[in-house]
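K.L.:
Take a look at this one; I'll ask things after.
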Amino acid sequence: MTEAVGDITEATGGRRIAVLGEMLELGDEAAEAHREVGRMAAENGVDLVVAVGGDMAKQLALAAGAAGVPDIALVGDNITAAYVDSILRPNDVVLVKASRGGQLWQIAQAITGQPVTGL
């Protein structure tokens, strides 16, 4: 996931928005790995982090805020996270990333006007 967060820095013109879900099956390293992703979002100039999920998403969101991401949202599910569509402006760039088990493709489908699958 850290490589994907870094890729968002190549965007220009609008806000950088990262919709990030939980990384599954990390074991004992899970909390620190999620905090690292939050810090990397700040290092890469992300303007808004939308953390999707439970405890690990909370770790990501807290670390992102502490590291300087100006706007943070913590949501429990993909349906709620799809609110991102309502706040998009021209030239915004959105990264949607998580473990496949998080089904965040649903958010990407919602914000691009596609039928949402896998509900």
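Order determines the names: the first chain of the structure tokens is A, the second B, and so forth; residues in each chain are numbered 1 upward, and ligands are numbered 1 upward as they are shown.
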For Leu48 of chain A, list every protein, DNA or RNA residue within 8 Å, evaluated using only C-alpha atoms, and leave out those in the same chain fewer than 3 positions away; present the list as a list of chain:residue names.

P.N.:
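Non-adjacent residues within range: A:Arg15, A:Arg16, A:Ile17, A:Ala18, A:Val69, A:Pro70, A:Asp71, A:Ile72, A:Ala73.
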
K.L.:
Return as JSON lines the residues of segment 52-90 of chain A lying at most 9 Å from segment 20-29 of chain A, together with the closest atom-to-atom pair for each and the distance in Å to one decimal, counting only C-alpha atoms, with rows in chain order and ascending residue number.

P.N.:
{"residue": "A:Val52", "atom": "CA", "partner": "A:Gly21", "partner_atom": "CA", "distance": 4.6}
{"residue": "A:Gly53", "atom": "CA", "partner": "A:Gly21", "partner_atom": "CA", "distance": 6.1}
{"residue": "A:Gly54", "atom": "CA", "partner": "A:Glu22", "partner_atom": "CA", "distance": 7.9}
{"residue": "A:Asp55", "atom": "CA", "partner": "A:Glu22", "partner_atom": "CA", "distance": 8.8}
{"residue": "A:Met56", "atom": "CA", "partner": "A:Glu22", "partner_atom": "CA", "distance": 6.0}
{"residue": "A:Ala57", "atom": "CA", "partner": "A:Glu22", "partner_atom": "CA", "distance": 5.6}
{"residue": "A:Leu60", "atom": "CA", "partner": "A:Leu20", "partner_atom": "CA", "distance": 8.5}

K.L.:
For the selection just defined, write its residues with all heavy atoms to a file, as a PDB file, in the first residue's frame.

P.N.:
ATOM      1  N   VAL A  52     -11.273   3.615   6.044  1.00  0.00           N
ATOM      2  CA  VAL A  52     -12.473   2.786   6.015  1.00  0.00           C
ATOM      3  C   VAL A  52     -12.229   1.510   6.810  1.00  0.00           C
ATOM      4  O   VAL A  52     -11.305   0.756   6.512  1.00  0.00           O
ATOM      5  CB  VAL A  52     -12.857   2.410   4.570  1.00  0.00           C
ATOM      6  CG1 VAL A  52     -14.159   1.617   4.545  1.00  0.00           C
ATOM      7  CG2 VAL A  52     -12.957   3.648   3.695  1.00  0.00           C
ATOM      8  N   GLY A  53     -13.041   1.278   7.829  1.00  0.00           N
ATOM      9  CA  GLY A  53     -12.925   0.037   8.577  1.00  0.00           C
ATOM     10  C   GLY A  53     -13.046   0.258  10.067  1.00  0.00           C
ATOM     11  O   GLY A  53     -13.675   1.210  10.523  1.00  0.00           O
ATOM     12  N   GLY A  54     -12.382  -0.616  10.820  1.00  0.00           N
ATOM     13  CA  GLY A  54     -12.483  -0.602  12.269  1.00  0.00           C
ATOM     14  C   GLY A  54     -11.227  -0.092  12.949  1.00  0.00           C
ATOM     15  O   GLY A  54     -10.726   0.992  12.641  1.00  0.00           O
ATOM     16  N   ASP A  55     -10.705  -0.901  13.855  1.00  0.00           N
ATOM     17  CA  ASP A  55      -9.577  -0.475  14.687  1.00  0.00           C
ATOM     18  C   ASP A  55      -8.327  -0.108  13.889  1.00  0.00           C
ATOM     19  O   ASP A  55      -7.645   0.857  14.206  1.00  0.00           O
ATOM     20  CB  ASP A  55      -9.223  -1.568  15.694  1.00  0.00           C
ATOM     21  CG  ASP A  55     -10.301  -1.751  16.750  1.00  0.00           C
ATOM     22  OD1 ASP A  55     -11.088  -0.811  16.965  1.00  0.00           O
ATOM     23  OD2 ASP A  55     -10.346  -2.835  17.355  1.00  0.00           O
ATOM     24  N   MET A  56      -7.998  -0.870  12.852  1.00  0.00           N
ATOM     25  CA  MET A  56      -6.788  -0.571  12.079  1.00  0.00           C
ATOM     26  C   MET A  56      -6.970   0.693  11.237  1.00  0.00           C
ATOM     27  O   MET A  56      -6.035   1.479  11.071  1.00  0.00           O
ATOM     28  CB  MET A  56      -6.385  -1.758  11.206  1.00  0.00           C
ATOM     29  CG  MET A  56      -5.914  -2.963  11.999  1.00  0.00           C
ATOM     30  SD  MET A  56      -4.493  -2.624  13.071  1.00  0.00           S
ATOM     31  CE  MET A  56      -5.248  -2.683  14.697  1.00  0.00           C
ATOM     32  N   ALA A  57      -8.175   0.923  10.738  1.00  0.00           N
ATOM     33  CA  ALA A  57      -8.449   2.162  10.018  1.00  0.00           C
ATOM     34  C   ALA A  57      -8.294   3.357  10.957  1.00  0.00           C
ATOM     35  O   ALA A  57      -7.795   4.411  10.570  1.00  0.00           O
ATOM     36  CB  ALA A  57      -9.843   2.130   9.399  1.00  0.00           C
ATOM     37  N   LEU A  60      -4.657   4.182  11.281  1.00  0.00           N
ATOM     38  CA  LEU A  60      -4.222   4.882  10.081  1.00  0.00           C
ATOM     39  C   LEU A  60      -4.654   6.353  10.139  1.00  0.00           C
ATOM     40  O   LEU A  60      -3.847   7.261   9.900  1.00  0.00           O
ATOM     41  CB  LEU A  60      -4.825   4.189   8.853  1.00  0.00           C
ATOM     42  CG  LEU A  60      -4.323   4.567   7.475  1.00  0.00           C
ATOM     43  CD1 LEU A  60      -4.602   3.429   6.507  1.00  0.00           C
ATOM     44  CD2 LEU A  60      -4.924   5.843   6.967  1.00  0.00           C
TER      45      LEU A  60
END

K.L.:
Give me, as a PyMOL selection string, all polymer residues having an atom no more than 12 Å from Ile87 of chain A, counting only C-alpha atoms and skipping those fewer than 3 positions away in the same chain.

P.N.:
chain A and resi 15+17+48+81-84+90+92-94+111

K.L.:
Write out the residues from the selection above, keeping all heavy atoms, as a compact mmCIF listing (two decimals), in the first residue's frame.

P.N.:
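Dumped to out-v8.txt:
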# COMPACT_ATOMS: atom_id res chain seq x y z
N ARG A 15 -7.19 18.47 -5.36
CA ARG A 15 -6.82 17.88 -4.08
C ARG A 15 -6.39 16.43 -4.28
O ARG A 15 -6.82 15.76 -5.22
CB ARG A 15 -8.01 17.91 -3.12
CG ARG A 15 -8.44 19.30 -2.74
CD ARG A 15 -9.69 19.26 -1.90
NE ARG A 15 -10.77 18.64 -2.68
CZ ARG A 15 -11.93 18.27 -2.19
NH1 ARG A 15 -12.20 18.43 -0.91
NH2 ARG A 15 -12.86 17.72 -2.95
N ILE A 17 -6.83 12.95 -2.61
CA ILE A 17 -7.70 12.26 -1.67
C ILE A 17 -7.33 10.79 -1.67
O ILE A 17 -7.25 10.16 -2.73
CB ILE A 17 -9.18 12.45 -2.07
CG1 ILE A 17 -9.53 13.94 -2.08
CG2 ILE A 17 -10.10 11.65 -1.15
CD1 ILE A 17 -10.89 14.26 -2.69
N LEU A 48 -6.80 14.83 1.99
CA LEU A 48 -7.89 14.19 2.72
C LEU A 48 -7.65 12.70 2.75
O LEU A 48 -7.46 12.08 1.70
CB LEU A 48 -9.24 14.47 2.04
CG LEU A 48 -10.45 13.64 2.49
CD1 LEU A 48 -10.77 13.86 3.97
CD2 LEU A 48 -11.66 13.94 1.62
N ALA A 81 -18.35 5.46 2.98
CA ALA A 81 -17.18 6.04 2.33
C ALA A 81 -17.49 6.60 0.94
O ALA A 81 -16.81 7.50 0.46
CB ALA A 81 -16.05 5.01 2.23
N ALA A 82 -18.53 6.11 0.32
CA ALA A 82 -18.89 6.58 -1.01
C ALA A 82 -19.34 8.05 -1.00
O ALA A 82 -19.50 8.66 -2.06
CB ALA A 82 -19.97 5.69 -1.61
N TYR A 83 -19.47 8.64 0.20
CA TYR A 83 -19.78 10.08 0.28
C TYR A 83 -18.74 10.91 -0.45
O TYR A 83 -18.99 12.05 -0.85
CB TYR A 83 -19.87 10.54 1.73
CG TYR A 83 -18.55 11.00 2.32
CD1 TYR A 83 -18.17 12.34 2.26
CD2 TYR A 83 -17.66 10.08 2.87
CE1 TYR A 83 -16.94 12.74 2.75
CE2 TYR A 83 -16.43 10.49 3.37
CZ TYR A 83 -16.08 11.82 3.31
OH TYR A 83 -14.85 12.22 3.77
N VAL A 84 -17.56 10.36 -0.64
CA VAL A 84 -16.49 11.07 -1.33
C VAL A 84 -16.99 11.63 -2.65
O VAL A 84 -16.61 12.74 -3.05
CB VAL A 84 -15.26 10.15 -1.53
CG1 VAL A 84 -14.25 10.75 -2.48
CG2 VAL A 84 -14.62 9.83 -0.19
N PRO A 90 -13.46 19.43 -9.62
CA PRO A 90 -12.66 19.19 -10.83
C PRO A 90 -11.17 19.10 -10.48
O PRO A 90 -10.68 19.83 -9.63
CB PRO A 90 -12.95 20.43 -11.69
CG PRO A 90 -14.29 20.89 -11.23
CD PRO A 90 -14.33 20.60 -9.75
N ASP A 92 -9.59 16.91 -8.82
CA ASP A 92 -9.23 16.09 -7.66
C ASP A 92 -8.76 14.73 -8.15
O ASP A 92 -9.25 14.22 -9.17
CB ASP A 92 -10.44 15.88 -6.73
CG ASP A 92 -10.75 17.09 -5.87
OD1 ASP A 92 -9.96 18.05 -5.85
OD2 ASP A 92 -11.81 17.07 -5.21
N VAL A 93 -7.85 14.16 -7.42
CA VAL A 93 -7.36 12.81 -7.71
C VAL A 93 -7.67 11.95 -6.50
O VAL A 93 -7.40 12.35 -5.36
CB VAL A 93 -5.85 12.82 -7.99
CG1 VAL A 93 -5.31 11.41 -8.16
CG2 VAL A 93 -5.55 13.66 -9.22
N VAL A 94 -8.25 10.78 -6.75
CA VAL A 94 -8.65 9.89 -5.66
C VAL A 94 -7.93 8.56 -5.81
O VAL A 94 -8.00 7.92 -6.85
CB VAL A 94 -10.18 9.65 -5.67
CG1 VAL A 94 -10.58 8.74 -4.51
CG2 VAL A 94 -10.93 10.97 -5.61
N ILE A 111 -17.96 6.25 -7.19
CA ILE A 111 -17.54 7.60 -7.57
C ILE A 111 -17.30 7.76 -9.06
O ILE A 111 -17.19 8.87 -9.56
CB ILE A 111 -16.30 8.08 -6.77
CG1 ILE A 111 -15.08 7.23 -7.06
CG2 ILE A 111 -16.61 8.14 -5.29
CD1 ILE A 111 -13.81 7.70 -6.36

K.L.:
Residues near Gly38 of chain A, anyone? I mean within 9 Å using only C-alpha atoms, not counting same-chain ones fewer than 2 positions away, as a PyMOL selection string.

P.N.:
chain A and resi 33-36+40-43+49+59-67+69

K.L.:
Could you write out the selected residues, including C-alpha atoms, as a PDB file, in the first residue's frame?

P.N.:
ATOM      1  CA  ALA A  33       1.820  -0.919   9.352  1.00  0.00           C
ATOM      2  CA  HIS A  34      -1.431   1.073   9.349  1.00  0.00           C
ATOM      3  CA  ARG A  35       0.207   3.948  11.228  1.00  0.00           C
ATOM      4  CA  GLU A  36       3.023   3.967   8.657  1.00  0.00           C
ATOM      5  CA  MET A  40       3.139   8.313   4.369  1.00  0.00           C
ATOM      6  CA  ALA A  41      -0.097   9.983   3.311  1.00  0.00           C
ATOM      7  CA  ALA A  42       1.071  13.143   5.066  1.00  0.00           C
ATOM      8  CA  GLU A  43       4.587  12.895   3.636  1.00  0.00           C
ATOM      9  CA  VAL A  49      -7.624  10.671   4.094  1.00  0.00           C
ATOM     10  CA  GLN A  59      -4.793   3.725  13.665  1.00  0.00           C
ATOM     11  CA  LEU A  60      -4.222   4.882  10.081  1.00  0.00           C
ATOM     12  CA  ALA A  61      -6.448   7.950  10.509  1.00  0.00           C
ATOM     13  CA  LEU A  62      -4.868   8.990  13.813  1.00  0.00           C
ATOM     14  CA  ALA A  63      -1.351   8.691  12.414  1.00  0.00           C
ATOM     15  CA  ALA A  64      -2.283  10.630   9.270  1.00  0.00           C
ATOM     16  CA  GLY A  65      -3.739  13.466  11.320  1.00  0.00           C
ATOM     17  CA  ALA A  66      -0.790  13.546  13.704  1.00  0.00           C
ATOM     18  CA  ALA A  67       1.603  13.667  10.752  1.00  0.00           C
ATOM     19  CA  VAL A  69      -2.904  15.479   6.792  1.00  0.00           C
TER      20      VAL A  69
END

K.L.:
Within 9 Å of Thr117 of chain A, counting only C-alpha atoms, which residues qualify if same-chain residues fewer than 4 places away don't, as a list in words?

P.N.:
Trp105, Gln106 and Gln109 of chain A

K.L.:
Emit the selected residues as a PDB file, in the first residue's frame, including C-alpha atoms.

P.N.:
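Contents of part26.pdb, freshly written:
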ATOM      1  CA  TRP A 105     -13.707  -1.382  -5.504  1.00  0.00           C
ATOM      2  CA  GLN A 106     -17.285  -0.583  -4.492  1.00  0.00           C
ATOM      3  CA  GLN A 109     -17.458   2.108  -8.728  1.00  0.00           C
TER       4      GLN A 109
END

K.L.:
Run DSSP on the backbone of this structure and report the residues of chain A it assigns to helix (DSSP H, G or I), as a PyMOL selection string.

P.N.:
chain A and resi 2-10+27-43+55-67+78-81+84-87+100-102+105-111

K.L.:
With only C-alpha atoms as the atoms that count, which of A:Thr112, A:Gly68, A:Val37, A:Ile79 lies nearest to Ala98 of chain A?

P.N.:
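Closest to Ala98 of chain A of all the choices is A:Val37.
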
K.L.:
Could you pull out the strand (DSSP E or B) residues of chain A, going by DSSP on the backbone, and write them as a PyMOL selection string?

P.N.:
chain A and resi 16-21+48-52+71-75+93-97

K.L.:
Which value, in Å to one decimal, gives the distance between atom CA of Arg39 of chain A and atom CA of Asp77 of chain A?

P.N.:
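These atoms are spaced 22.1 Å apart.
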
K.L.:
Between atom CA of Gly76 of chain A and atom CA of Leu95 of chain A, measure the distance and give it in Å to one decimal.

P.N.:
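For atom CA of Gly76 of chain A relative to atom CA of Leu95 of chain A, the distance reads 17.9 Å.
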
K.L.:
Figure out the distance between atom CA of Ala51 of chain A and atom CA of Leu88 of chain A, please, to one decimal in Å.

P.N.:
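Separation between atom CA of Leu88 of chain A and atom CA of Ala51 of chain A: 16.5 Å.
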